[in-house]
Amino acid sequence: MAIEETLGLLLNSAILGLASGTIYGVIALGFVLLYRVGKIVNIAVGDMVLIGAYLILFFSELGLVADPFLNLLVGLGLALVATVILALLTERFLIRPLYGQSILSLIMMTVALALILRGVTIVRWGTALKIFPGQHEVFPPVPLEIGFIKLPLVMVWSIAGAAVVFGFFLYIFRRTLFGFAMRAVSLEPEAAATHGISIRKIYKYSWIIAYMAAVLGGLIMGVINGLTVNISVIGLTRALPAALIGGIDSPGGAILGGILLGLIEHSIGTYLNPFIPGIREIMPFIILLIVLVFRPYGLFGTVRIERV
Amino acid sequence: MSRPCGVVKETYMQDMAFLQKRFHYVSLFIFLAALFLLPLTGISFLPSFIMLIIVFAIPIMGLNLLTHAQLFSVMHSALMGVGAFATAILSQPPYSLPFIATIPLAGIIAAATSVFFGLPSLRIKAFYLLFSTTAAHFIIVWILSFIVKDVPGTVVYTQPMGLLGYKFSLLEQYYTFLVITILMGLAIAHIGRTPLGKALVMIGEKDYAAQVHGLSLLKYKALAFAISGFYAGVGGALWSYMLGLITIEHVSFDLAWEMLGVGVIVGGLGSYVWGSVLGAMLMIAVSHGITFMVSTLATAMPWLGPTAFGFKIIIFGAIIAAILIAEPRGLASLLRKFKRFFDLWPFSY
């Protein structure tokens, strides 16, 4: 094999890994936010991605605008609006009655949310494979060729989109008064409440942001693999391991964990797969177990000191 | 335990008894008699339906014990799979072991697997365990898939349940299942009352406090995972005997969440026997009820067919949410209230 081909393959898998890693990271971001603000371990991330993707499908299938690109954009916008309502309903009727209860109750409530969201998707849209209308015009399946690197256009968009989302998130979290209030609530809810921050409002907004991150992840997942119920698997098998590897309360860690997982999956995983079948799918879990045993708080998470 | 006034215990034996009131004796007797007599009524689906409940009730008992010690696990369907595959392979010709040998062996193999993947629980706690056991589930299923890789159709058949060349009929198999369940139920109810069970509850409340009191976390956490894995393995063994075969598709990740969510949480966390049995009953009743309804309505509404799974998980989700909000201790707590109502019936105060 020529050296250029080998190099091209390596670079290709690296970029593929980077692209899928950033998607995992963006989805993990919503999880990290909910954990940091409300100490909610959100098992339903994958199913939020699922419902987000199908909402985009629903609104873009209405065909409000003739141009396929604008149509998808309008679909995305309307889906974001719809998920705001969904987030408010979730917070009000499922999560709020359980504040102050044991951690297991809250986790199981998000499991219930996951089951309901996935069930509604199956009942409404069925299990057959679907694609976004006009998807091939917007994201041509012809790969972009730079030298010997072949790059699907979707991947370029997803990396750029993830960078924008992450930058926006960090800006809000670090630089605005609203982000300051969020950080205050995550550190010390009672002290924040005495200083006039409405904890309830902050919880609501964190759910809205988590749902929005999931919709964006759903758009990219849907474009890459097509829409099936299997999208929801990404939550528990990729996004949550990414968040845990990066450190469950660190937004930067979530992105880096996602990229790490994506890179390992597409480089080592792809190369080992012919020798050990199925290793590619198992790789993230083996890494997750190793990280959990040797660094339980993740690579970038806050190390908590246990007090007796 | 609450006691109505006028009920006086004179000895420790009376105080510690499993069944304290006449109402409890009578209702338990009626329940067991019904279980033994129901299949004789000749309703065809009843024995296999109750057997399916038993198959899931046993692993849920183990999972309930584990969850009560705040050791959350979603690898129990994989452990059931380990038990089921072990039984299927051990009952086949090169070994040809009878069920008396395969069921404990399946339990022991599953227990060993459970302890191995439970060991991270010494380093990590609470919900982190959910993710380490998620990883464990997929790794176990991956390893199991190597066993069936060369098997045609990826189906591993189990020899029918039997003893010394004699094959059990469905009814005999049903009674075997029932006896095994009663034994396993008695055992786990006892474990809850022994120092081991109390230690597990203490570890669940505050594990460092338990450590300060001289309990070895390694020993008790490993024991909890071993017991729970044994129960899952036995359940899996019964599962493969009941189905007559096992495939990798049976061992699904959704099943693990259903067992934890519907089986343990809705059934009643901390109520090892009745909570688990009620949880398993609800789980099987809902999924079979949906399948039955869809199959009867399929001619009138053919679009309903593929959505059955969707309806099932919506109902499961709604039940979990409703129970968590309205009755956090689960169905077992409803049962307890019901029993308390009848304590002094009809002259309650």
# chains A, B, ... in the order shown; residues from 1 in each chain; ligands from 1
>>> select_by_dssp(residues="range 123-313 of chain B", states="strand (DSSP E or B)", output="number ranges by chain")
B: 155-157, 162-163, 166-167, 245-247
>>> residues_around(residues="Val115 in chain B", least_positions_apart="2", cutoff="12 Å", atoms="only C-alpha atoms", output="NGL selection string")
:B and (66 or 71 or 73 or 75 or 79 or 108-113 or 117-122 or 133 or 136 or 218-230)
>>> interface_residues(of="chain A", to="chain B", cutoff="8 Å", atoms="only C-alpha atoms", output="PDB file with all heavy atoms, in the first residue's frame")
ATOM      1  N   VAL A  41     -29.387  13.052  37.134  1.00  0.00           N
ATOM      2  CA  VAL A  41     -28.689  12.121  36.236  1.00  0.00           C
ATOM      3  C   VAL A  41     -29.684  11.755  35.147  1.00  0.00           C
ATOM      4  O   VAL A  41     -30.598  10.978  35.356  1.00  0.00           O
ATOM      5  CB  VAL A  41     -28.227  10.875  36.996  1.00  0.00           C
ATOM      6  CG1 VAL A  41     -27.524   9.929  36.060  1.00  0.00           C
ATOM      7  CG2 VAL A  41     -27.320  11.268  38.120  1.00  0.00           C
ATOM      8  N   LEU A  94     -42.985  15.955  35.658  1.00  0.00           N
ATOM      9  CA  LEU A  94     -42.236  14.755  36.032  1.00  0.00           C
ATOM     10  C   LEU A  94     -41.164  15.036  37.086  1.00  0.00           C
ATOM     11  O   LEU A  94     -41.017  14.288  38.035  1.00  0.00           O
ATOM     12  CB  LEU A  94     -41.574  14.130  34.794  1.00  0.00           C
ATOM     13  CG  LEU A  94     -42.526  13.577  33.741  1.00  0.00           C
ATOM     14  CD1 LEU A  94     -41.749  12.963  32.598  1.00  0.00           C
ATOM     15  CD2 LEU A  94     -43.454  12.541  34.343  1.00  0.00           C
ATOM     16  N   PRO A  97     -42.171  17.357  41.012  1.00  0.00           N
ATOM     17  CA  PRO A  97     -42.710  16.676  42.199  1.00  0.00           C
ATOM     18  C   PRO A  97     -41.665  15.886  42.974  1.00  0.00           C
ATOM     19  O   PRO A  97     -41.919  15.509  44.109  1.00  0.00           O
ATOM     20  CB  PRO A  97     -43.762  15.730  41.609  1.00  0.00           C
ATOM     21  CG  PRO A  97     -44.106  16.289  40.299  1.00  0.00           C
ATOM     22  CD  PRO A  97     -42.892  16.968  39.799  1.00  0.00           C
ATOM     23  N   LEU A  98     -40.506  15.658  42.369  1.00  0.00           N
ATOM     24  CA  LEU A  98     -39.525  14.791  43.022  1.00  0.00           C
ATOM     25  C   LEU A  98     -38.337  15.537  43.615  1.00  0.00           C
ATOM     26  O   LEU A  98     -37.423  14.903  44.110  1.00  0.00           O
ATOM     27  CB  LEU A  98     -38.996  13.759  42.018  1.00  0.00           C
ATOM     28  CG  LEU A  98     -39.975  12.688  41.598  1.00  0.00           C
ATOM     29  CD1 LEU A  98     -39.264  11.655  40.753  1.00  0.00           C
ATOM     30  CD2 LEU A  98     -40.589  12.014  42.801  1.00  0.00           C
ATOM     31  N   ILE A 103     -31.846  10.036  45.152  1.00  0.00           N
ATOM     32  CA  ILE A 103     -31.251  10.110  43.820  1.00  0.00           C
ATOM     33  C   ILE A 103     -31.827   9.032  42.918  1.00  0.00           C
ATOM     34  O   ILE A 103     -32.033   9.234  41.728  1.00  0.00           O
ATOM     35  CB  ILE A 103     -29.725  10.015  43.942  1.00  0.00           C
ATOM     36  CG1 ILE A 103     -29.067  10.273  42.598  1.00  0.00           C
ATOM     37  CG2 ILE A 103     -29.256   8.691  44.465  1.00  0.00           C
ATOM     38  CD1 ILE A 103     -27.648  10.709  42.704  1.00  0.00           C
ATOM     39  N   LEU A 104     -32.173   7.879  43.521  1.00  0.00           N
ATOM     40  CA  LEU A 104     -32.715   6.787  42.712  1.00  0.00           C
ATOM     41  C   LEU A 104     -34.068   7.180  42.110  1.00  0.00           C
ATOM     42  O   LEU A 104     -34.352   6.879  40.950  1.00  0.00           O
ATOM     43  CB  LEU A 104     -32.859   5.521  43.557  1.00  0.00           C
ATOM     44  CG  LEU A 104     -33.338   4.291  42.806  1.00  0.00           C
ATOM     45  CD1 LEU A 104     -32.338   3.870  41.754  1.00  0.00           C
ATOM     46  CD2 LEU A 104     -33.602   3.137  43.743  1.00  0.00           C
ATOM     47  N   SER A 105     -34.899   7.892  42.902  1.00  0.00           N
ATOM     48  CA  SER A 105     -36.211   8.292  42.376  1.00  0.00           C
ATOM     49  C   SER A 105     -36.053   9.191  41.161  1.00  0.00           C
ATOM     50  O   SER A 105     -36.746   9.017  40.156  1.00  0.00           O
ATOM     51  CB  SER A 105     -37.011   9.046  43.436  1.00  0.00           C
ATOM     52  OG  SER A 105     -36.975   8.380  44.638  1.00  0.00           O
ATOM     53  N   MET A 108     -34.904   7.203  38.175  1.00  0.00           N
ATOM     54  CA  MET A 108     -35.969   6.379  37.610  1.00  0.00           C
ATOM     55  C   MET A 108     -37.001   7.252  36.899  1.00  0.00           C
ATOM     56  O   MET A 108     -37.636   6.824  35.949  1.00  0.00           O
ATOM     57  CB  MET A 108     -36.649   5.531  38.685  1.00  0.00           C
ATOM     58  CG  MET A 108     -35.832   4.400  39.218  1.00  0.00           C
ATOM     59  SD  MET A 108     -34.604   3.700  38.141  1.00  0.00           S
ATOM     60  CE  MET A 108     -35.552   2.659  37.125  1.00  0.00           C
ATOM     61  N   MET A 109     -37.167   8.504  37.372  1.00  0.00           N
ATOM     62  CA  MET A 109     -38.102   9.381  36.678  1.00  0.00           C
ATOM     63  C   MET A 109     -37.584   9.709  35.282  1.00  0.00           C
ATOM     64  O   MET A 109     -38.358   9.760  34.326  1.00  0.00           O
ATOM     65  CB  MET A 109     -38.315  10.663  37.487  1.00  0.00           C
ATOM     66  CG  MET A 109     -39.435  11.500  36.985  1.00  0.00           C
ATOM     67  SD  MET A 109     -40.948  10.555  36.757  1.00  0.00           S
ATOM     68  CE  MET A 109     -41.877  11.062  38.172  1.00  0.00           C
ATOM     69  N   VAL A 111     -35.789   7.723  33.594  1.00  0.00           N
ATOM     70  CA  VAL A 111     -36.010   6.488  32.829  1.00  0.00           C
ATOM     71  C   VAL A 111     -37.446   6.470  32.307  1.00  0.00           C
ATOM     72  O   VAL A 111     -37.699   6.134  31.143  1.00  0.00           O
ATOM     73  CB  VAL A 111     -35.736   5.247  33.698  1.00  0.00           C
ATOM     74  CG1 VAL A 111     -36.152   3.982  32.970  1.00  0.00           C
ATOM     75  CG2 VAL A 111     -34.285   5.161  34.062  1.00  0.00           C
ATOM     76  N   ALA A 112     -38.386   6.856  33.180  1.00  0.00           N
ATOM     77  CA  ALA A 112     -39.786   6.910  32.754  1.00  0.00           C
ATOM     78  C   ALA A 112     -39.938   7.879  31.586  1.00  0.00           C
ATOM     79  O   ALA A 112     -40.629   7.587  30.597  1.00  0.00           O
ATOM     80  CB  ALA A 112     -40.673   7.328  33.916  1.00  0.00           C
ATOM     81  N   LEU A 113     -39.261   9.041  31.703  1.00  0.00           N
ATOM     82  CA  LEU A 113     -39.309  10.029  30.614  1.00  0.00           C
ATOM     83  C   LEU A 113     -38.771   9.418  29.329  1.00  0.00           C
ATOM     84  O   LEU A 113     -39.358   9.573  28.246  1.00  0.00           O
ATOM     85  CB  LEU A 113     -38.480  11.257  31.012  1.00  0.00           C
ATOM     86  CG  LEU A 113     -38.248  12.294  29.929  1.00  0.00           C
ATOM     87  CD1 LEU A 113     -39.552  12.966  29.553  1.00  0.00           C
ATOM     88  CD2 LEU A 113     -37.232  13.329  30.365  1.00  0.00           C
ATOM     89  N   ALA A 114     -37.649   8.676  29.454  1.00  0.00           N
ATOM     90  CA  ALA A 114     -37.048   8.053  28.273  1.00  0.00           C
ATOM     91  C   ALA A 114     -38.035   7.088  27.625  1.00  0.00           C
ATOM     92  O   ALA A 114     -38.231   7.103  26.407  1.00  0.00           O
ATOM     93  CB  ALA A 114     -35.768   7.312  28.672  1.00  0.00           C
ATOM     94  N   LEU A 115     -38.681   6.262  28.455  1.00  0.00           N
ATOM     95  CA  LEU A 115     -39.621   5.275  27.908  1.00  0.00           C
ATOM     96  C   LEU A 115     -40.784   5.974  27.218  1.00  0.00           C
ATOM     97  O   LEU A 115     -41.208   5.582  26.131  1.00  0.00           O
ATOM     98  CB  LEU A 115     -40.140   4.367  29.025  1.00  0.00           C
ATOM     99  CG  LEU A 115     -39.127   3.411  29.639  1.00  0.00           C
ATOM    100  CD1 LEU A 115     -39.733   2.660  30.806  1.00  0.00           C
ATOM    101  CD2 LEU A 115     -38.638   2.427  28.601  1.00  0.00           C
ATOM    102  N   ILE A 116     -41.305   7.044  27.847  1.00  0.00           N
ATOM    103  CA  ILE A 116     -42.465   7.726  27.264  1.00  0.00           C
ATOM    104  C   ILE A 116     -42.080   8.370  25.936  1.00  0.00           C
ATOM    105  O   ILE A 116     -42.785   8.226  24.929  1.00  0.00           O
ATOM    106  CB  ILE A 116     -43.019   8.773  28.250  1.00  0.00           C
ATOM    107  CG1 ILE A 116     -43.625   8.071  29.463  1.00  0.00           C
ATOM    108  CG2 ILE A 116     -44.076   9.639  27.583  1.00  0.00           C
ATOM    109  CD1 ILE A 116     -44.021   8.984  30.580  1.00  0.00           C
ATOM    110  N   LEU A 117     -40.920   9.067  25.911  1.00  0.00           N
ATOM    111  CA  LEU A 117     -40.510   9.734  24.669  1.00  0.00           C
ATOM    112  C   LEU A 117     -40.311   8.717  23.548  1.00  0.00           C
ATOM    113  O   LEU A 117     -40.776   8.914  22.424  1.00  0.00           O
ATOM    114  CB  LEU A 117     -39.207  10.515  24.888  1.00  0.00           C
ATOM    115  CG  LEU A 117     -39.280  11.773  25.740  1.00  0.00           C
ATOM    116  CD1 LEU A 117     -37.914  12.424  25.817  1.00  0.00           C
ATOM    117  CD2 LEU A 117     -40.284  12.748  25.179  1.00  0.00           C
ATOM    118  N   ARG A 118     -39.629   7.605  23.871  1.00  0.00           N
ATOM    119  CA  ARG A 118     -39.367   6.614  22.826  1.00  0.00           C
ATOM    120  C   ARG A 118     -40.665   5.963  22.381  1.00  0.00           C
ATOM    121  O   ARG A 118     -40.891   5.752  21.190  1.00  0.00           O
ATOM    122  CB  ARG A 118     -38.387   5.562  23.326  1.00  0.00           C
ATOM    123  CG  ARG A 118     -37.719   4.829  22.183  1.00  0.00           C
ATOM    124  CD  ARG A 118     -36.806   3.734  22.653  1.00  0.00           C
ATOM    125  NE  ARG A 118     -36.116   4.080  23.894  1.00  0.00           N
ATOM    126  CZ  ARG A 118     -35.622   3.183  24.724  1.00  0.00           C
ATOM    127  NH1 ARG A 118     -35.753   1.906  24.467  1.00  0.00           N
ATOM    128  NH2 ARG A 118     -35.013   3.562  25.827  1.00  0.00           N
ATOM    129  N   GLY A 119     -41.555   5.682  23.352  1.00  0.00           N
ATOM    130  CA  GLY A 119     -42.833   5.065  23.006  1.00  0.00           C
ATOM    131  C   GLY A 119     -43.656   5.953  22.099  1.00  0.00           C
ATOM    132  O   GLY A 119     -44.215   5.497  21.091  1.00  0.00           O
ATOM    133  N   VAL A 120     -43.707   7.255  22.426  1.00  0.00           N
ATOM    134  CA  VAL A 120     -44.474   8.187  21.594  1.00  0.00           C
ATOM    135  C   VAL A 120     -43.907   8.216  20.181  1.00  0.00           C
ATOM    136  O   VAL A 120     -44.647   8.208  19.187  1.00  0.00           O
ATOM    137  CB  VAL A 120     -44.464   9.603  22.221  1.00  0.00           C
ATOM    138  CG1 VAL A 120     -44.978  10.628  21.249  1.00  0.00           C
ATOM    139  CG2 VAL A 120     -45.295   9.610  23.482  1.00  0.00           C
ATOM    140  N   THR A 121     -42.564   8.208  20.080  1.00  0.00           N
ATOM    141  CA  THR A 121     -41.948   8.216  18.753  1.00  0.00           C
ATOM    142  C   THR A 121     -42.345   6.987  17.958  1.00  0.00           C
ATOM    143  O   THR A 121     -42.695   7.081  16.777  1.00  0.00           O
ATOM    144  CB  THR A 121     -40.419   8.269  18.884  1.00  0.00           C
ATOM    145  OG1 THR A 121     -40.089   9.264  19.830  1.00  0.00           O
ATOM    146  CG2 THR A 121     -39.771   8.577  17.577  1.00  0.00           C
ATOM    147  N   ILE A 122     -42.301   5.819  18.619  1.00  0.00           N
ATOM    148  CA  ILE A 122     -42.629   4.583  17.896  1.00  0.00           C
ATOM    149  C   ILE A 122     -44.089   4.602  17.461  1.00  0.00           C
ATOM    150  O   ILE A 122     -44.425   4.266  16.330  1.00  0.00           O
ATOM    151  CB  ILE A 122     -42.328   3.354  18.776  1.00  0.00           C
ATOM    152  CG1 ILE A 122     -40.833   3.223  18.997  1.00  0.00           C
ATOM    153  CG2 ILE A 122     -42.864   2.089  18.121  1.00  0.00           C
ATOM    154  CD1 ILE A 122     -40.451   2.140  19.955  1.00  0.00           C
ATOM    155  N   VAL A 123     -44.974   5.034  18.368  1.00  0.00           N
ATOM    156  CA  VAL A 123     -46.396   5.019  18.039  1.00  0.00           C
ATOM    157  C   VAL A 123     -46.708   6.015  16.927  1.00  0.00           C
ATOM    158  O   VAL A 123     -47.450   5.735  15.993  1.00  0.00           O
ATOM    159  CB  VAL A 123     -47.237   5.332  19.302  1.00  0.00           C
ATOM    160  CG1 VAL A 123     -48.682   5.577  18.917  1.00  0.00           C
ATOM    161  CG2 VAL A 123     -47.153   4.186  20.281  1.00  0.00           C
ATOM    162  N   GLY A 126     -43.578   5.148  13.797  1.00  0.00           N
ATOM    163  CA  GLY A 126     -43.234   3.782  13.396  1.00  0.00           C
ATOM    164  C   GLY A 126     -41.756   3.499  13.509  1.00  0.00           C
ATOM    165  O   GLY A 126     -40.978   4.329  13.997  1.00  0.00           O
ATOM    166  N   THR A 127     -41.358   2.317  13.058  1.00  0.00           N
ATOM    167  CA  THR A 127     -39.968   1.912  13.229  1.00  0.00           C
ATOM    168  C   THR A 127     -39.190   1.900  11.920  1.00  0.00           C
ATOM    169  O   THR A 127     -38.020   1.559  11.899  1.00  0.00           O
ATOM    170  CB  THR A 127     -39.904   0.502  13.853  1.00  0.00           C
ATOM    171  OG1 THR A 127     -40.812  -0.328  13.140  1.00  0.00           O
ATOM    172  CG2 THR A 127     -40.301   0.532  15.302  1.00  0.00           C
ATOM    173  N   LEU A 236     -27.132   6.272  25.897  1.00  0.00           N
ATOM    174  CA  LEU A 236     -26.521   5.460  26.947  1.00  0.00           C
ATOM    175  C   LEU A 236     -25.216   4.819  26.502  1.00  0.00           C
ATOM    176  O   LEU A 236     -24.384   4.483  27.332  1.00  0.00           O
ATOM    177  CB  LEU A 236     -27.493   4.372  27.400  1.00  0.00           C
ATOM    178  CG  LEU A 236     -28.421   4.802  28.519  1.00  0.00           C
ATOM    179  CD1 LEU A 236     -29.491   3.771  28.751  1.00  0.00           C
ATOM    180  CD2 LEU A 236     -27.641   5.004  29.793  1.00  0.00           C
ATOM    181  N   LEU A 240     -23.351   9.321  27.331  1.00  0.00           N
ATOM    182  CA  LEU A 240     -23.118   9.235  28.771  1.00  0.00           C
ATOM    183  C   LEU A 240     -21.705   8.748  29.101  1.00  0.00           C
ATOM    184  O   LEU A 240     -21.064   9.335  29.967  1.00  0.00           O
ATOM    185  CB  LEU A 240     -24.185   8.374  29.442  1.00  0.00           C
ATOM    186  CG  LEU A 240     -25.578   8.985  29.409  1.00  0.00           C
ATOM    187  CD1 LEU A 240     -26.539   8.184  30.262  1.00  0.00           C
ATOM    188  CD2 LEU A 240     -25.546  10.405  29.916  1.00  0.00           C
ATOM    189  N   PRO A 241     -21.184   7.710  28.399  1.00  0.00           N
ATOM    190  CA  PRO A 241     -19.776   7.393  28.631  1.00  0.00           C
ATOM    191  C   PRO A 241     -18.861   8.588  28.360  1.00  0.00           C
ATOM    192  O   PRO A 241     -17.913   8.821  29.114  1.00  0.00           O
ATOM    193  CB  PRO A 241     -19.503   6.250  27.644  1.00  0.00           C
ATOM    194  CG  PRO A 241     -20.798   5.584  27.499  1.00  0.00           C
ATOM    195  CD  PRO A 241     -21.830   6.661  27.591  1.00  0.00           C
ATOM    196  N   GLY A 278     -16.778  -6.998  16.667  1.00  0.00           N
ATOM    197  CA  GLY A 278     -17.614  -6.331  17.671  1.00  0.00           C
ATOM    198  C   GLY A 278     -16.839  -5.453  18.624  1.00  0.00           C
ATOM    199  O   GLY A 278     -17.433  -4.776  19.456  1.00  0.00           O
ATOM    200  N   ILE A 282     -17.734  -2.165  21.565  1.00  0.00           N
ATOM    201  CA  ILE A 282     -17.484  -2.427  22.982  1.00  0.00           C
ATOM    202  C   ILE A 282     -16.425  -1.483  23.540  1.00  0.00           C
ATOM    203  O   ILE A 282     -16.403  -1.184  24.725  1.00  0.00           O
ATOM    204  CB  ILE A 282     -17.053  -3.907  23.164  1.00  0.00           C
ATOM    205  CG1 ILE A 282     -18.211  -4.810  22.780  1.00  0.00           C
ATOM    206  CG2 ILE A 282     -16.632  -4.214  24.559  1.00  0.00           C
ATOM    207  CD1 ILE A 282     -19.457  -4.588  23.565  1.00  0.00           C
ATOM    208  N   PHE A 285     -17.074   1.124  26.233  1.00  0.00           N
ATOM    209  CA  PHE A 285     -17.413   0.594  27.548  1.00  0.00           C
ATOM    210  C   PHE A 285     -16.182   0.128  28.289  1.00  0.00           C
ATOM    211  O   PHE A 285     -16.083   0.304  29.505  1.00  0.00           O
ATOM    212  CB  PHE A 285     -18.407  -0.556  27.406  1.00  0.00           C
ATOM    213  CG  PHE A 285     -19.685  -0.114  26.793  1.00  0.00           C
ATOM    214  CD1 PHE A 285     -20.102  -0.609  25.583  1.00  0.00           C
ATOM    215  CD2 PHE A 285     -20.456   0.846  27.410  1.00  0.00           C
ATOM    216  CE1 PHE A 285     -21.263  -0.182  25.012  1.00  0.00           C
ATOM    217  CE2 PHE A 285     -21.621   1.281  26.843  1.00  0.00           C
ATOM    218  CZ  PHE A 285     -22.025   0.767  25.641  1.00  0.00           C
ATOM    219  N   ILE A 286     -15.234  -0.464  27.544  1.00  0.00           N
ATOM    220  CA  ILE A 286     -14.000  -0.909  28.205  1.00  0.00           C
ATOM    221  C   ILE A 286     -13.252   0.317  28.744  1.00  0.00           C
ATOM    222  O   ILE A 286     -12.805   0.334  29.894  1.00  0.00           O
ATOM    223  CB  ILE A 286     -13.131  -1.717  27.217  1.00  0.00           C
ATOM    224  CG1 ILE A 286     -13.893  -2.984  26.802  1.00  0.00           C
ATOM    225  CG2 ILE A 286     -11.803  -2.080  27.827  1.00  0.00           C
ATOM    226  CD1 ILE A 286     -13.249  -3.779  25.696  1.00  0.00           C
ATOM    227  N   LEU A 288     -14.603   3.174  29.486  1.00  0.00           N
ATOM    228  CA  LEU A 288     -15.405   3.724  30.582  1.00  0.00           C
ATOM    229  C   LEU A 288     -15.118   2.978  31.882  1.00  0.00           C
ATOM    230  O   LEU A 288     -14.914   3.605  32.938  1.00  0.00           O
ATOM    231  CB  LEU A 288     -16.891   3.631  30.234  1.00  0.00           C
ATOM    232  CG  LEU A 288     -17.846   4.043  31.342  1.00  0.00           C
ATOM    233  CD1 LEU A 288     -17.668   5.504  31.661  1.00  0.00           C
ATOM    234  CD2 LEU A 288     -19.274   3.765  30.947  1.00  0.00           C
ATOM    235  N   LEU A 289     -15.074   1.640  31.812  1.00  0.00           N
ATOM    236  CA  LEU A 289     -14.820   0.854  33.035  1.00  0.00           C
ATOM    237  C   LEU A 289     -13.446   1.189  33.605  1.00  0.00           C
ATOM    238  O   LEU A 289     -13.301   1.377  34.811  1.00  0.00           O
ATOM    239  CB  LEU A 289     -14.891  -0.641  32.720  1.00  0.00           C
ATOM    240  CG  LEU A 289     -16.247  -1.316  32.887  1.00  0.00           C
ATOM    241  CD1 LEU A 289     -16.110  -2.801  32.683  1.00  0.00           C
ATOM    242  CD2 LEU A 289     -16.799  -1.049  34.279  1.00  0.00           C
ATOM    243  N   LEU A 292     -13.567   4.642  35.146  1.00  0.00           N
ATOM    244  CA  LEU A 292     -14.350   4.677  36.381  1.00  0.00           C
ATOM    245  C   LEU A 292     -13.587   4.044  37.534  1.00  0.00           C
ATOM    246  O   LEU A 292     -13.688   4.494  38.676  1.00  0.00           O
ATOM    247  CB  LEU A 292     -15.678   3.947  36.188  1.00  0.00           C
ATOM    248  CG  LEU A 292     -16.771   4.733  35.487  1.00  0.00           C
ATOM    249  CD1 LEU A 292     -18.035   3.919  35.419  1.00  0.00           C
ATOM    250  CD2 LEU A 292     -17.035   6.037  36.195  1.00  0.00           C
ATOM    251  N   VAL A 293     -12.814   2.987  37.241  1.00  0.00           N
ATOM    252  CA  VAL A 293     -12.107   2.321  38.329  1.00  0.00           C
ATOM    253  C   VAL A 293     -10.918   3.159  38.787  1.00  0.00           C
ATOM    254  O   VAL A 293     -10.674   3.297  39.979  1.00  0.00           O
ATOM    255  CB  VAL A 293     -11.663   0.912  37.896  1.00  0.00           C
ATOM    256  CG1 VAL A 293     -10.699   0.325  38.911  1.00  0.00           C
ATOM    257  CG2 VAL A 293     -12.868   0.004  37.754  1.00  0.00           C
ATOM    258  N   PRO A 296     -12.573   7.805  39.277  1.00  0.00           N
ATOM    259  CA  PRO A 296     -14.042   7.774  39.303  1.00  0.00           C
ATOM    260  C   PRO A 296     -14.682   9.102  38.927  1.00  0.00           C
ATOM    261  O   PRO A 296     -15.805   9.102  38.450  1.00  0.00           O
ATOM    262  CB  PRO A 296     -14.356   7.414  40.746  1.00  0.00           C
ATOM    263  CG  PRO A 296     -13.131   6.774  41.262  1.00  0.00           C
ATOM    264  CD  PRO A 296     -11.987   7.376  40.531  1.00  0.00           C
ATOM    265  N   VAL A 308     -17.323  12.478  56.630  1.00  0.00           N
ATOM    266  CA  VAL A 308     -18.120  11.583  57.465  1.00  0.00           C
ATOM    267  C   VAL A 308     -18.851  12.417  58.508  1.00  0.00           C
ATOM    268  O   VAL A 308     -18.238  13.263  59.123  1.00  0.00           O
ATOM    269  CB  VAL A 308     -17.220  10.537  58.139  1.00  0.00           C
ATOM    270  CG1 VAL A 308     -18.056   9.598  58.985  1.00  0.00           C
ATOM    271  CG2 VAL A 308     -16.465   9.776  57.075  1.00  0.00           C
TER     272      VAL A 308
END
>>> select_by_dssp(residues="range 238-343 of chain B", states="helix (DSSP H, G or I)", output="PyMOL selection string")
chain B and resi 238-243+248-250+253-266+274-297+302-326+331-343
>>> closest_residue(among="A:Leu177, A:Tyr211, A:Val229, A:Gln101", to="Leu89 in chain A", atoms="only C-alpha atoms")
A:Tyr211
>>> residues_around(residues="Arg193 in chain B", least_positions_apart="6", cutoff="12 Å", atoms="only C-alpha atoms", output="list in words")
Met16, Ala17, Phe18, Leu65, Leu186, Ala187, Ala199, Leu200, Val201, Gly270, Ser271 and Tyr272 of chain B
>>> write_last_selection(atoms="C-alpha atoms", output="compact mmCIF listing (two decimals), in the first residue's frame")
# COMPACT_ATOMS: atom_id res chain seq x y z
CA MET B 16 -39.81 -12.39 65.03
CA ALA B 17 -42.30 -14.61 63.23
CA PHE B 18 -42.80 -14.12 59.51
CA LEU B 65 -31.73 -6.83 47.56
CA LEU B 186 -38.03 -17.89 51.71
CA ALA B 187 -34.25 -17.66 51.41
CA ALA B 199 -25.38 -4.93 57.03
CA LEU B 200 -26.46 -4.45 53.43
CA VAL B 201 -29.16 -1.97 54.47
CA GLY B 270 -36.92 -3.09 50.12
CA SER B 271 -39.80 -5.54 50.02
CA TYR B 272 -37.73 -8.45 48.76
>>> atom_distance(atom1="CA of Gly258 in chain A", atom2="CA of Ile245 in chain A")
8.3 Å
>>> residues_around(residues="Ile248 in chain A", least_positions_apart="6", cutoff="12 Å", atoms="only C-alpha atoms", output="JSON, numbers by chain")
{"A": [25, 28, 29, 30, 31, 32, 33, 34, 35, 36, 37, 39, 40, 41, 42, 239, 240, 241, 242, 254, 255, 256, 257, 292, 295, 296, 297, 298, 299, 300, 301, 302, 303, 304], "B": [127, 128, 131]}
>>> residues_around(residues="Ser158 in chain A", least_positions_apart="6", cutoff="12 Å", atoms="only C-alpha atoms", output="ChimeraX atom specification")
/A:15-26,139,151-152,164-166,216-224
>>> decode(residues="range 263-267 of chain B", atoms="C-alpha atoms", output="short mmCIF file (atom, residue, chain, number, x, y, z; two decimals), in the first residue's frame")
data_model
loop_
_atom_site.label_atom_id
_atom_site.label_comp_id
_atom_site.auth_asym_id
_atom_site.auth_seq_id
_atom_site.Cartn_x
_atom_site.Cartn_y
_atom_site.Cartn_z
CA GLY B 263 -39.78 -4.77 38.78
CA VAL B 264 -37.97 -3.13 41.67
CA ILE B 265 -39.16 0.48 41.89
CA VAL B 266 -42.83 -0.03 41.02
CA GLY B 267 -42.89 -3.36 42.83
#
